[in-house]
$ cat query_1.pdb   # PDB, C-alpha atoms
ATOM      1  CA  MET A   1     102.843 137.138  65.243
ATOM      2  CA  LYS A   2     102.802 133.408  64.522
ATOM      3  CA  GLU A   3     103.791 131.193  67.423
ATOM      4  CA  GLU A   4     106.838 129.055  66.703
ATOM      5  CA  HIS A   5     106.632 126.498  69.462
ATOM      6  CA  ILE A   6     104.452 123.506  70.191
ATOM      7  CA  LEU A   7     102.571 124.075  73.432
ATOM      8  CA  LEU A   8     103.596 120.894  75.292
ATOM      9  CA  PRO A   9     106.153 119.083  73.132
ATOM     10  CA  LEU A  10     106.437 115.913  75.211
ATOM     11  CA  ILE A  11     102.683 115.348  75.439
ATOM     12  CA  ASN A  12     102.703 115.877  71.692
ATOM     13  CA  SER A  13     105.485 113.327  71.079
ATOM     14  CA  ALA A  14     104.935 109.846  69.682
ATOM     15  CA  PHE A  15     107.501 107.300  70.880
ATOM     16  CA  GLN A  16     107.794 103.713  71.977
ATOM     17  CA  PRO A  17     107.749 102.948  75.711
ATOM     18  CA  GLY A  18     111.242 103.107  77.145
ATOM     19  CA  HIS A  19     112.345 105.959  74.858
ATOM     20  CA  CYS A  20     110.864 109.005  76.596
ATOM     21  CA  LEU A  21     114.093 110.672  77.733
ATOM     22  CA  GLU A  22     115.762 109.830  74.445
ATOM     23  CA  THR A  23     112.876 111.554  72.633
ATOM     24  CA  VAL A  24     113.306 114.693  74.736
ATOM     25  CA  GLN A  25     117.058 114.846  74.248
ATOM     26  CA  ALA A  26     116.651 114.499  70.482
ATOM     27  CA  MET A  27     114.546 117.675  70.193
ATOM     28  CA  GLU A  28     116.484 120.249  68.190
ATOM     29  CA  ASN A  29     114.795 123.413  69.438
ATOM     30  CA  ILE A  30     116.354 124.357  72.784
ATOM     31  CA  SER A  31     113.232 125.941  74.253
ATOM     32  CA  GLU A  32     111.020 123.004  73.315
ATOM     33  CA  ARG A  33     113.612 120.579  74.671
ATOM     34  CA  GLU A  34     113.702 122.406  78.011
ATOM     35  CA  ILE A  35     109.908 122.553  78.245
ATOM     36  CA  ALA A  36     109.751 118.855  77.346
ATOM     37  CA  MET A  37     112.346 118.113  80.027
ATOM     38  CA  GLY A  38     110.124 119.853  82.560
ATOM     39  CA  GLU A  39     107.215 117.716  81.370
ATOM     40  CA  TYR A  40     109.345 114.595  81.716
ATOM     41  CA  TYR A  41     110.292 115.498  85.276
ATOM     42  CA  TYR A  42     106.665 116.151  86.138
ATOM     43  CA  PHE A  43     105.200 113.001  84.601
ATOM     44  CA  SER A  44     107.922 110.857  86.201
ATOM     45  CA  GLY A  45     107.052 112.162  89.666
ATOM     46  CA  ARG A  46     109.838 114.730  90.119
ATOM     47  CA  PRO A  47     107.868 117.960  90.650
ATOM     48  CA  GLU A  48     110.693 120.011  92.202
ATOM     49  CA  GLU A  49     112.834 119.512  89.104
ATOM     50  CA  ALA A  50     109.843 120.173  86.854
ATOM     51  CA  ALA A  51     109.146 123.523  88.527
ATOM     52  CA  LYS A  52     112.802 124.531  88.291
ATOM     53  CA  GLU A  53     112.872 123.697  84.576
ATOM     54  CA  MET A  54     109.692 125.661  83.876
ATOM     55  CA  GLU A  55     110.389 128.753  85.970
ATOM     56  CA  PRO A  56     112.519 130.626  83.374
ATOM     57  CA  TYR A  57     109.617 130.451  80.894
ATOM     58  CA  LEU A  58     106.869 131.830  83.138
ATOM     59  CA  ALA A  59     107.351 135.292  81.652
ATOM     60  CA  SER A  60     108.365 134.196  78.149
ATOM     61  CA  ALA A  61     107.391 136.484  75.293
ATOM     62  CA  ASP A  62     106.356 133.366  73.382
ATOM     63  CA  THR A  63     102.776 132.674  74.469
ATOM     64  CA  GLY A  64     102.991 128.954  73.781
ATOM     65  CA  LEU A  65     106.066 128.558  75.964
ATOM     66  CA  ARG A  66     104.548 130.736  78.693
ATOM     67  CA  LEU A  67     101.269 128.815  78.778
ATOM     68  CA  ALA A  68     103.072 125.470  78.872
ATOM     69  CA  ALA A  69     105.365 126.635  81.655
ATOM     70  CA  CYS A  70     102.487 128.033  83.727
ATOM     71  CA  LEU A  71     100.429 124.847  83.397
ATOM     72  CA  VAL A  72     103.212 122.457  84.412
ATOM     73  CA  TYR A  73     104.578 124.865  87.039
ATOM     74  CA  ALA A  74     101.134 125.144  88.666
ATOM     75  CA  PHE A  75     100.653 121.387  88.973
ATOM     76  CA  ALA A  76     104.271 120.788  90.009
ATOM     77  CA  ASN A  77     103.868 123.265  92.873
ATOM     78  CA  LEU A  78     100.612 121.627  93.931
ATOM     79  CA  ALA A  79     102.625 118.441  94.316
ATOM     80  CA  THR A  80     105.206 120.166  96.535
ATOM     81  CA  ASP A  81     102.620 122.053  98.623
ATOM     82  CA  LYS A  82     103.793 125.471  97.403
ATOM     83  CA  ILE A  83     100.263 126.702  96.967
ATOM     84  CA  HIS A  84     101.116 130.388  96.546
ATOM     85  CA  LEU A  85     103.308 129.547  93.545
ATOM     86  CA  ALA A  86     100.658 127.260  92.073
ATOM     87  CA  ARG A  87      98.028 129.977  92.446
ATOM     88  CA  HIS A  88     100.353 132.530  90.848
ATOM     89  CA  ALA A  89     100.786 130.321  87.784
ATOM     90  CA  LEU A  90      97.043 129.658  87.542
ATOM     91  CA  THR A  91      96.385 133.402  87.752
ATOM     92  CA  GLU A  92      98.898 134.096  84.981
ATOM     93  CA  MET A  93      97.156 131.494  82.794
ATOM     94  CA  LYS A  94      93.804 133.191  83.355
ATOM     95  CA  LYS A  95      95.250 136.600  82.482
ATOM     96  CA  THR A  96      96.801 135.246  79.296
ATOM     97  CA  PHE A  97      93.548 133.534  78.351
ATOM     98  CA  ALA A  98      91.586 136.764  78.898
ATOM     99  CA  ASP A  99      94.081 138.841  76.906
ATOM    100  CA  ILE A 100      94.021 136.431  73.972
ATOM    101  CA  ASN A 101      90.228 136.238  73.908
ATOM    102  CA  ALA A 102      89.999 140.023  74.018
ATOM    103  CA  SER A 103      92.360 140.436  71.072
ATOM    104  CA  GLU A 104      90.866 140.665  67.603
ATOM    105  CA  ASP A 105      94.247 139.900  66.044
ATOM    106  CA  ALA A 106      95.057 136.708  67.941
ATOM    107  CA  PRO A 107      95.435 133.813  65.481
ATOM    108  CA  PRO A 108      93.007 130.870  65.858
ATOM    109  CA  GLU A 109      95.849 128.503  66.745
ATOM    110  CA  LEU A 110      96.794 130.726  69.672
ATOM    111  CA  LYS A 111      93.193 130.854  70.871
ATOM    112  CA  ALA A 112      93.059 127.062  70.630
ATOM    113  CA  MET A 113      96.196 126.701  72.760
ATOM    114  CA  SER A 114      94.845 129.132  75.326
ATOM    115  CA  SER A 115      91.488 127.342  75.518
ATOM    116  CA  PHE A 116      93.271 124.014  75.849
ATOM    117  CA  VAL A 117      95.259 125.225  78.872
ATOM    118  CA  SER A 118      92.279 126.979  80.482
ATOM    119  CA  VAL A 119      89.900 124.038  80.173
ATOM    120  CA  THR A 120      92.539 121.447  81.092
ATOM    121  CA  SER A 121      93.520 123.193  84.319
ATOM    122  CA  ALA A 122      89.887 123.757  85.366
ATOM    123  CA  VAL A 123      88.713 120.206  84.628
ATOM    124  CA  LEU A 124      91.666 118.515  86.315
ATOM    125  CA  LEU A 125      91.239 120.663  89.413
ATOM    126  CA  HIS A 126      87.480 119.911  89.336
ATOM    127  CA  MET A 127      86.777 123.628  89.137
ATOM    128  CA  PRO A 128      83.913 125.320  87.282
ATOM    129  CA  VAL A 129      84.978 125.837  83.655
ATOM    130  CA  GLU A 130      84.783 129.331  82.195
ATOM    131  CA  GLU A 131      83.787 127.861  78.843
ATOM    132  CA  GLU A 132      82.101 124.550  78.068
ATOM    133  CA  PRO A 133      84.728 122.076  76.833
ATOM    134  CA  ALA A 134      84.345 121.845  73.068
ATOM    135  CA  SER A 135      83.955 118.392  71.548
ATOM    136  CA  GLU A 136      83.351 119.642  68.011
ATOM    137  CA  PRO A 137      86.256 119.494  65.506
ATOM    138  CA  GLY A 138      86.929 123.272  65.545
ATOM    139  CA  LEU A 139      89.269 123.508  68.527
ATOM    140  CA  MET A 140      90.597 119.981  68.166
ATOM    141  CA  ASN A 141      91.714 120.458  64.576
ATOM    142  CA  LEU A 142      93.792 123.499  65.504
ATOM    143  CA  LEU A 143      95.856 121.472  67.978
ATOM    144  CA  PRO A 144      98.720 119.150  66.978
ATOM    145  CA  PRO A 145      97.967 115.392  67.176
ATOM    146  CA  GLY A 146      99.304 114.644  70.668
ATOM    147  CA  LEU A 147      97.473 117.576  72.214
ATOM    148  CA  ARG A 148      94.276 116.505  70.435
ATOM    149  CA  PHE A 149      94.565 113.118  72.121
ATOM    150  CA  PHE A 150      95.218 114.704  75.505
ATOM    151  CA  TYR A 151      92.278 117.046  75.006
ATOM    152  CA  SER A 152      90.145 113.970  74.341
ATOM    153  CA  TYR A 153      91.155 112.839  77.816
ATOM    154  CA  VAL A 154      90.077 116.220  79.210
ATOM    155  CA  LEU A 155      86.695 115.881  77.472
ATOM    156  CA  ALA A 156      86.335 112.335  78.808
ATOM    157  CA  HIS A 157      87.268 113.499  82.305
ATOM    158  CA  PHE A 158      84.673 116.276  82.090
ATOM    159  CA  ALA A 159      81.998 113.753  81.051
ATOM    160  CA  TYR A 160      83.072 111.551  83.967
ATOM    161  CA  LEU A 161      82.587 114.467  86.369
ATOM    162  CA  GLN A 162      79.045 114.862  85.028
ATOM    163  CA  GLY A 163      78.411 111.198  85.868
ATOM    164  CA  ASP A 164      78.105 110.302  82.171
ATOM    165  CA  TYR A 165      80.412 107.288  82.319
ATOM    166  CA  GLY A 166      79.230 105.762  79.042
ATOM    167  CA  ARG A 167      79.925 108.959  77.105
ATOM    168  CA  SER A 168      83.304 109.312  78.786
ATOM    169  CA  ILE A 169      84.270 105.783  77.759
ATOM    170  CA  GLY A 170      83.073 106.504  74.223
ATOM    171  CA  ILE A 171      85.246 109.641  73.956
ATOM    172  CA  ALA A 172      88.313 107.841  75.281
ATOM    173  CA  GLN A 173      87.884 104.696  73.203
ATOM    174  CA  THR A 174      87.236 106.674  70.018
ATOM    175  CA  ALA A 175      90.431 108.656  70.552
ATOM    176  CA  LEU A 176      92.441 105.488  71.197
ATOM    177  CA  ALA A 177      90.949 103.767  68.146
ATOM    178  CA  PHE A 178      92.023 106.590  65.837
ATOM    179  CA  GLU A 179      95.483 107.131  67.325
ATOM    180  CA  PRO A 180      97.798 106.729  64.280
ATOM    181  CA  GLU A 181     100.915 106.436  66.437
ATOM    182  CA  LEU A 182     101.464 105.780  70.126
ATOM    183  CA  TYR A 183     101.454 109.006  72.118
ATOM    184  CA  PRO A 184     102.298 107.509  75.520
ATOM    185  CA  ILE A 185     101.330 110.336  77.859
ATOM    186  CA  PRO A 186      97.866 111.036  76.386
ATOM    187  CA  THR A 187      97.307 107.280  76.069
ATOM    188  CA  VAL A 188      98.053 106.656  79.755
ATOM    189  CA  TYR A 189      95.633 109.408  80.763
ATOM    190  CA  LEU A 190      92.945 108.109  78.396
ATOM    191  CA  ARG A 191      93.297 104.594  79.830
ATOM    192  CA  LEU A 192      93.073 105.909  83.384
ATOM    193  CA  VAL A 193      89.870 107.832  82.738
ATOM    194  CA  THR A 194      88.318 104.629  81.420
ATOM    195  CA  VAL A 195      89.371 102.928  84.674
ATOM    196  CA  MET A 196      87.450 105.631  86.532
ATOM    197  CA  ASP A 197      84.443 105.151  84.255
ATOM    198  CA  TYR A 198      84.327 101.385  84.601
ATOM    199  CA  MET A 199      84.556 101.710  88.367
ATOM    200  CA  GLY A 200      81.646 104.147  88.179
ATOM    201  CA  LEU A 201      79.750 101.429  86.325
ATOM    202  CA  LYS A 202      80.893  98.796  88.877
ATOM    203  CA  ASP A 203      82.763  96.825  86.219
ATOM    204  CA  SER A 204      85.870  95.955  88.199
ATOM    205  CA  GLY A 205      87.183  93.496  85.603
ATOM    206  CA  LYS A 206      87.345  95.991  82.740
ATOM    207  CA  ALA A 207      88.740  98.639  85.062
ATOM    208  CA  LYS A 208      91.644  96.360  85.975
ATOM    209  CA  GLU A 209      92.269  95.547  82.291
ATOM    210  CA  GLN A 210      92.534  99.238  81.450
ATOM    211  CA  MET A 211      94.821  99.862  84.420
ATOM    212  CA  LEU A 212      97.280  97.208  83.282
ATOM    213  CA  LEU A 213      97.248  98.570  79.723
ATOM    214  CA  ALA A 214      98.102 102.020  81.073
ATOM    215  CA  TRP A 215     100.816 100.566  83.303
ATOM    216  CA  GLU A 216     102.383  98.644  80.416
ATOM    217  CA  ILE A 217     102.930 101.947  78.586
ATOM    218  CA  ALA A 218     103.971 104.067  81.570
ATOM    219  CA  ARG A 219     106.281 101.761  83.507
ATOM    220  CA  PRO A 220     109.262 101.532  81.079
ATOM    221  CA  ASP A 221     109.819 105.302  81.383
ATOM    222  CA  GLY A 222     108.723 105.648  85.001
ATOM    223  CA  LEU A 223     105.770 107.867  84.026
ATOM    224  CA  ILE A 224     103.976 107.310  87.309
ATOM    225  CA  GLU A 225     102.625 110.784  88.098
ATOM    226  CA  ALA A 226      99.267 110.186  86.412
ATOM    227  CA  PHE A 227      98.593 107.144  88.611
ATOM    228  CA  GLY A 228      99.249 109.136  91.773
ATOM    229  CA  GLU A 229      97.130 112.067  90.577
ATOM    230  CA  HIS A 230      94.131 109.866  89.819
ATOM    231  CA  HIS A 231      94.338 107.553  92.848
ATOM    232  CA  GLY A 232      91.269 108.941  94.598
ATOM    233  CA  LEU A 233      89.141 108.362  91.503
ATOM    234  CA  LEU A 234      90.440 104.882  90.687
ATOM    235  CA  GLY A 235      88.454 103.103  93.383
ATOM    236  CA  GLY A 236      91.132 100.797  94.742
ATOM    237  CA  VAL A 237      92.222  99.517  91.304
ATOM    238  CA  LEU A 238      95.847 100.470  91.983
ATOM    239  CA  GLU A 239      95.809  98.392  95.153
ATOM    240  CA  ALA A 240      94.147  95.515  93.300
ATOM    241  CA  THR A 241      96.544  95.469  90.323
ATOM    242  CA  LEU A 242      99.951  96.982  91.161
ATOM    243  CA  LYS A 243     100.559  96.662  94.892
ATOM    244  CA  LYS A 244     101.539  92.990  94.916
ATOM    245  CA  ASP A 245     103.603  92.695  91.728
ATOM    246  CA  TRP A 246     105.242  96.154  91.696
ATOM    247  CA  PRO A 247     105.528  97.054  95.401
ATOM    248  CA  GLU A 248     108.286  99.671  95.032
ATOM    249  CA  ASP A 249     106.514 101.427  92.188
ATOM    250  CA  PHE A 250     103.299 101.295  94.174
ATOM    251  CA  LYS A 251     104.993 102.959  97.164
ATOM    252  CA  ARG A 252     106.237 105.786  94.943
ATOM    253  CA  ILE A 253     102.781 106.237  93.441
ATOM    254  CA  ILE A 254     101.202 106.451  96.882
ATOM    255  CA  GLY A 255     103.825 109.017  97.866
ATOM    256  CA  ILE A 256     102.786 111.095  94.850
ATOM    257  CA  THR A 257      99.142 110.663  95.838
ATOM    258  CA  TYR A 258      99.686 112.099  99.306
ATOM    259  CA  SER A 259     101.728 115.086  98.158
ATOM    260  CA  PHE A 260      99.598 115.945  95.119
ATOM    261  CA  SER A 261      96.278 115.432  96.910
ATOM    262  CA  SER A 262      97.302 117.745  99.738
ATOM    263  CA  GLY A 263      98.043 120.601  97.346
ATOM    264  CA  TRP A 264      95.018 119.832  95.157
ATOM    265  CA  ARG A 265      92.649 120.060  98.124
ATOM    266  CA  LYS A 266      94.184 123.331  99.339
ATOM    267  CA  VAL A 267      93.270 124.901  96.016
ATOM    268  CA  HIS A 268      90.055 122.997  95.263
ATOM    269  CA  ASN A 269      88.308 123.032  98.655
ATOM    270  CA  PRO A 270      88.358 126.774  99.401
ATOM    271  CA  ASP A 271      87.772 127.746  95.771
ATOM    272  CA  THR A 272      84.717 125.530  95.336
ATOM    273  CA  GLY A 273      83.330 125.433  98.872
ATOM    274  CA  ASP A 274      83.733 121.658  98.935
ATOM    275  CA  ASP A 275      85.303 119.719 101.795
ATOM    276  CA  VAL A 276      86.989 116.709 100.195
ATOM    277  CA  ALA A 277      88.466 114.615 103.014
ATOM    278  CA  SER A 278      92.157 115.202 103.640
ATOM    279  CA  ASN A 279      92.832 113.053 106.715
ATOM    280  CA  LEU A 280      92.262 109.557 105.310
ATOM    281  CA  THR A 281      94.880 107.081 104.175
ATOM    282  CA  THR A 282      94.772 106.143 100.488
ATOM    283  CA  THR A 283      93.232 102.761 101.332
ATOM    284  CA  GLU A 284      90.613 104.371 103.564
ATOM    285  CA  PHE A 285      89.769 106.913 100.886
ATOM    286  CA  ALA A 286      89.403 104.215  98.200
ATOM    287  CA  ILE A 287      87.083 102.155 100.396
ATOM    288  CA  ALA A 288      85.097 105.231 101.397
ATOM    289  CA  MET A 289      84.711 106.256  97.739
ATOM    290  CA  LEU A 290      83.357 102.837  96.807
ATOM    291  CA  THR A 291      81.046 102.758  99.830
ATOM    292  CA  ALA A 292      79.715 106.210  98.947
ATOM    293  CA  ARG A 293      78.918 104.878  95.468
ATOM    294  CA  GLY A 294      76.837 102.033  96.820
ATOM    295  CA  TRP A 295      79.335  99.165  96.783
ATOM    296  CA  THR A 296      78.761  96.544  99.475
ATOM    297  CA  TYR A 297      81.554  95.506 101.804
ATOM    298  CA  GLN A 298      81.630  92.121 100.080
ATOM    299  CA  GLU A 299      82.002  93.738  96.650
ATOM    300  CA  ILE A 300      84.774  96.011  97.907
ATOM    301  CA  GLY A 301      86.618  93.123  99.542
ATOM    302  CA  SER A 302      86.393  91.004  96.401
ATOM    303  CA  HIS A 303      87.567  93.882  94.199
ATOM    304  CA  MET A 304      90.519  94.862  96.394
ATOM    305  CA  GLY A 305      91.488  91.355  97.427
ATOM    306  CA  ILE A 306      90.894  91.876 101.147
ATOM    307  CA  SER A 307      88.493  90.370 103.676
ATOM    308  CA  ILE A 308      85.133  91.860 104.599
ATOM    309  CA  ASN A 309      86.428  92.337 108.151
ATOM    310  CA  THR A 310      89.339  94.378 106.808
ATOM    311  CA  VAL A 311      86.917  96.543 104.837
ATOM    312  CA  LYS A 312      84.823  97.054 107.976
ATOM    313  CA  PHE A 313      87.937  97.935 109.966
ATOM    314  CA  HIS A 314      88.926 100.634 107.475
ATOM    315  CA  MET A 315      85.375 101.991 107.321
ATOM    316  CA  GLY A 316      85.355 102.251 111.098
ATOM    317  CA  ALA A 317      88.483 104.400 110.862
ATOM    318  CA  VAL A 318      86.876 106.524 108.131
ATOM    319  CA  ILE A 319      83.731 107.182 110.164
ATOM    320  CA  GLY A 320      85.814 108.093 113.203
ATOM    321  CA  LYS A 321      88.093 110.472 111.311
ATOM    322  CA  LEU A 322      85.259 112.224 109.494
ATOM    323  CA  GLY A 323      83.056 112.411 112.588
ATOM    324  CA  ILE A 324      79.980 111.090 110.791
ATOM    325  CA  GLU A 325      77.268 108.723 111.956
ATOM    326  CA  LYS A 326      75.852 107.326 108.697
ATOM    327  CA  LYS A 327      77.437 106.017 105.521
ATOM    328  CA  SER A 328      75.080 108.265 103.572
ATOM    329  CA  GLU A 329      77.089 111.233 104.892
ATOM    330  CA  LEU A 330      80.231 110.061 103.089
ATOM    331  CA  LYS A 331      79.401 111.632  99.722
ATOM    332  CA  LYS A 332      80.037 115.192 100.798
ATOM    333  CA  TYR A 333      83.638 114.280 101.685
ATOM    334  CA  MET A 334      84.394 112.283  98.549
ATOM    335  CA  LEU A 335      85.522 113.121  95.043
ATOM    336  CA  ARG A 336      82.935 112.942  92.297
TER     337      ARG A 336
END
$ encode --input "query_1.pdb" --output "structure tokens"
Amino acid sequence: MKEEHILLPLINSAFQPGHCLETVQAMENISEREIAMGEYYYFSGRPEEAAKEMEPYLASADTGLRLAACLVYAFANLATDKIHLARHALTEMKKTFADINASEDAPPELKAMSSFVSVTSAVLLHMPVEEEPASEPGLMNLLPPGLRFFYSYVLAHFAYLQGDYGRSIGIAQTALAFEPELYPIPTVYLRLVTVMDYMGLKDSGKAKEQMLLAWEIARPDGLIEAFGEHHGLLGGVLEATLKKDWPEDFKRIIGITYSFSSGWRKVHNPDTGDDVASNLTTTEFAIAMLTARGWTYQEIGSHMGISINTVKFHMGAVIGKLGIEKKSELKKYMLR
């Protein structure tokens, strides 16, 4: 049976900044409008409302609606520390993915949607992927435009996790160059992955440029969730660009960082055997990440706009909290 609904209608929506909620409310299909409303709640940092909006669709007979609900519901419950509910949704996604792959009658579009959800959830949780993310046109061409752009972000994020920063930048910039209309949510995520890449390459200037471009698109609609999600990978760029000029927004983003990171680690650490640090402040974590990547205290201070003594003070706290003796031991507690 042909699926009637777009997988994630808000991610797939083109609109001008400042018109996100208006775009959702204008959707004629009730189910898509409700799914999109859940997306809006999630991306604007309101996970409790997102989970509530998605819950009725977790057992939907429509596979597209069910997959969308499970994906958003899982991440929303990570952000509210309801790990058992997040795990339940992730398990349901895996079951659906397995059922679709095992079916000889499943249409290609449905298989594409299922692969999209499976790979996206695994990559963003930094989990092993069950299938190598596909960069060839096959899967991409079966997705609607906005999801293709978001999947480009997933591919770029995967390349980033492999340490291939140049390739990640190339994927993201190619997607942005060929974006016929502005799809704000995928665009924000694509800009943020390039921030991560440029910080990996120690190009603080370009990282800050990309951050401000992402912020320009996200701020009018309050789409701040992505900034909180990515904080640990952004290497202090949030502190360097947003903290002074948008202090209230920055506080909300940091609040998202703490809540999302706590849930993320509770799923990621035991499932992968890693031990990503959970007891550091966001500033301590950013400084520790940069130190682990070989940045000097002077470079960190210059990048974050703080003194070398302040950097040393924070690193002293990091070493004490982690119970380590050498900076070389930091890597095992940091994100990739």
$ resolve_selection --input "query_1.pdb" --expression "the PyMOL selection byres ((chain A and resi 284-298) around 6)" --output "list in words"
Gly235, Gly236, Leu280, Thr281, Thr282, Thr283, Glu299, Ile300, Gly301, Ile308, His314, Leu330 and Lys331 of chain A
$ write_last_selection --input "query_1.pdb" --atoms "C-alpha atoms" --output "compact mmCIF listing (two decimals), in the coordinates of the input"
# COMPACT_ATOMS: atom_id res chain seq x y z
CA GLY A 235 88.45 103.10 93.38
CA GLY A 236 91.13 100.80 94.74
CA LEU A 280 92.26 109.56 105.31
CA THR A 281 94.88 107.08 104.18
CA THR A 282 94.77 106.14 100.49
CA THR A 283 93.23 102.76 101.33
CA GLU A 299 82.00 93.74 96.65
CA ILE A 300 84.77 96.01 97.91
CA GLY A 301 86.62 93.12 99.54
CA ILE A 308 85.13 91.86 104.60
CA HIS A 314 88.93 100.63 107.48
CA LEU A 330 80.23 110.06 103.09
CA LYS A 331 79.40 111.63 99.72
$ residues_around --input "query_1.pdb" --residues "stretch 119-125 of chain A" --least-positions-apart "3" --cutoff "7 Å" --atoms "all atoms listed in the file" --output "PDB file with C-alpha atoms, in the frame of the given file"
ATOM      1  CA  SER A 115      91.488 127.342  75.518  1.00  0.00           C
ATOM      2  CA  PHE A 116      93.271 124.014  75.849  1.00  0.00           C
ATOM      3  CA  PRO A 128      83.913 125.320  87.282  1.00  0.00           C
ATOM      4  CA  VAL A 129      84.978 125.837  83.655  1.00  0.00           C
ATOM      5  CA  PRO A 133      84.728 122.076  76.833  1.00  0.00           C
ATOM      6  CA  VAL A 154      90.077 116.220  79.210  1.00  0.00           C
ATOM      7  CA  PHE A 158      84.673 116.276  82.090  1.00  0.00           C
ATOM      8  CA  TRP A 264      95.018 119.832  95.157  1.00  0.00           C
ATOM      9  CA  HIS A 268      90.055 122.997  95.263  1.00  0.00           C
TER      10      HIS A 268
END
$ residues_around --input "query_1.pdb" --residues "A:Phe97" --least-positions-apart "4" --cutoff "12 Å" --atoms "all atoms listed in the file" --output "PyMOL selection string"
chain A and resi 63-64+66-67+70+90-93+101-103+106+110-119+121+130-131
$ residues_around --input "query_1.pdb" --residues "A:Ser13" --least-positions-apart "4" --cutoff "9 Å" --atoms "all atoms listed in the file" --output "number ranges by chain"
A: 8-9, 20, 23-24, 145-146, 182-185
$ residues_around --input "query_1.pdb" --residues "A:Ala240" --least-positions-apart "6" --cutoff "10 Å" --atoms "all atoms listed in the file" --output "short mmCIF file (atom, residue, chain, number, x, y, z; two decimals) with C-alpha atoms, in the coordinates of the input"
data_model
loop_
_atom_site.label_atom_id
_atom_site.label_comp_id
_atom_site.auth_asym_id
_atom_site.auth_seq_id
_atom_site.Cartn_x
_atom_site.Cartn_y
_atom_site.Cartn_z
CA SER A 204 85.87 95.96 88.20
CA LYS A 208 91.64 96.36 85.98
CA MET A 211 94.82 99.86 84.42
CA SER A 302 86.39 91.00 96.40
CA HIS A 303 87.57 93.88 94.20
CA MET A 304 90.52 94.86 96.39
CA GLY A 305 91.49 91.36 97.43
CA ILE A 306 90.89 91.88 101.15
#
$ resolve_selection --input "query_1.pdb" --expression "the PyMOL selection byres ((chain A and resi 22) around 12)" --output "list of chain:residue names"
A:Leu10, A:Ser13, A:Ala14, A:Phe15, A:Gln16, A:Pro17, A:Gly18, A:His19, A:Cys20, A:Leu21, A:Thr23, A:Val24, A:Gln25, A:Ala26, A:Met27, A:Arg33, A:Ala36, A:Met37, A:Tyr40, A:Asp221
$ decode --input "query_1.pdb" --residues "stretch 202-213 of chain A" --atoms "N, CA and C atoms" --output "PDB file, in the first residue's frame"
ATOM      1  N   LYS A 202      40.891  23.334  13.144  1.00  0.00           N
ATOM      2  CA  LYS A 202      41.457  24.471  13.889  1.00  0.00           C
ATOM      3  C   LYS A 202      41.323  25.781  13.126  1.00  0.00           C
ATOM      4  N   ASP A 203      40.203  25.926  12.412  1.00  0.00           N
ATOM      5  CA  ASP A 203      39.911  27.172  11.707  1.00  0.00           C
ATOM      6  C   ASP A 203      38.763  27.863  12.441  1.00  0.00           C
ATOM      7  N   SER A 204      39.119  28.534  13.522  1.00  0.00           N
ATOM      8  CA  SER A 204      38.129  29.158  14.391  1.00  0.00           C
ATOM      9  C   SER A 204      37.323  30.237  13.668  1.00  0.00           C
ATOM     10  N   GLY A 205      37.960  30.976  12.788  1.00  0.00           N
ATOM     11  CA  GLY A 205      37.284  32.067  12.081  1.00  0.00           C
ATOM     12  C   GLY A 205      36.133  31.572  11.225  1.00  0.00           C
ATOM     13  N   LYS A 206      36.378  30.544  10.418  1.00  0.00           N
ATOM     14  CA  LYS A 206      35.316  30.013   9.560  1.00  0.00           C
ATOM     15  C   LYS A 206      34.240  29.326  10.387  1.00  0.00           C
ATOM     16  N   ALA A 207      34.642  28.710  11.485  1.00  0.00           N
ATOM     17  CA  ALA A 207      33.658  28.075  12.361  1.00  0.00           C
ATOM     18  C   ALA A 207      32.684  29.116  12.905  1.00  0.00           C
ATOM     19  N   LYS A 208      33.195  30.251  13.326  1.00  0.00           N
ATOM     20  CA  LYS A 208      32.336  31.308  13.864  1.00  0.00           C
ATOM     21  C   LYS A 208      31.428  31.882  12.781  1.00  0.00           C
ATOM     22  N   GLU A 209      31.932  32.007  11.557  1.00  0.00           N
ATOM     23  CA  GLU A 209      31.106  32.491  10.442  1.00  0.00           C
ATOM     24  C   GLU A 209      29.918  31.567  10.215  1.00  0.00           C
ATOM     25  N   GLN A 210      30.184  30.258  10.201  1.00  0.00           N
ATOM     26  CA  GLN A 210      29.116  29.293   9.976  1.00  0.00           C
ATOM     27  C   GLN A 210      28.116  29.292  11.130  1.00  0.00           C
ATOM     28  N   MET A 211      28.593  29.471  12.342  1.00  0.00           N
ATOM     29  CA  MET A 211      27.701  29.532  13.495  1.00  0.00           C
ATOM     30  C   MET A 211      26.718  30.688  13.369  1.00  0.00           C
ATOM     31  N   LEU A 212      27.216  31.850  12.991  1.00  0.00           N
ATOM     32  CA  LEU A 212      26.350  33.023  12.882  1.00  0.00           C
ATOM     33  C   LEU A 212      25.361  32.885  11.724  1.00  0.00           C
ATOM     34  N   LEU A 213      25.760  32.212  10.652  1.00  0.00           N
ATOM     35  CA  LEU A 213      24.824  31.950   9.558  1.00  0.00           C
ATOM     36  C   LEU A 213      23.701  31.024  10.018  1.00  0.00           C
TER      37      LEU A 213
END
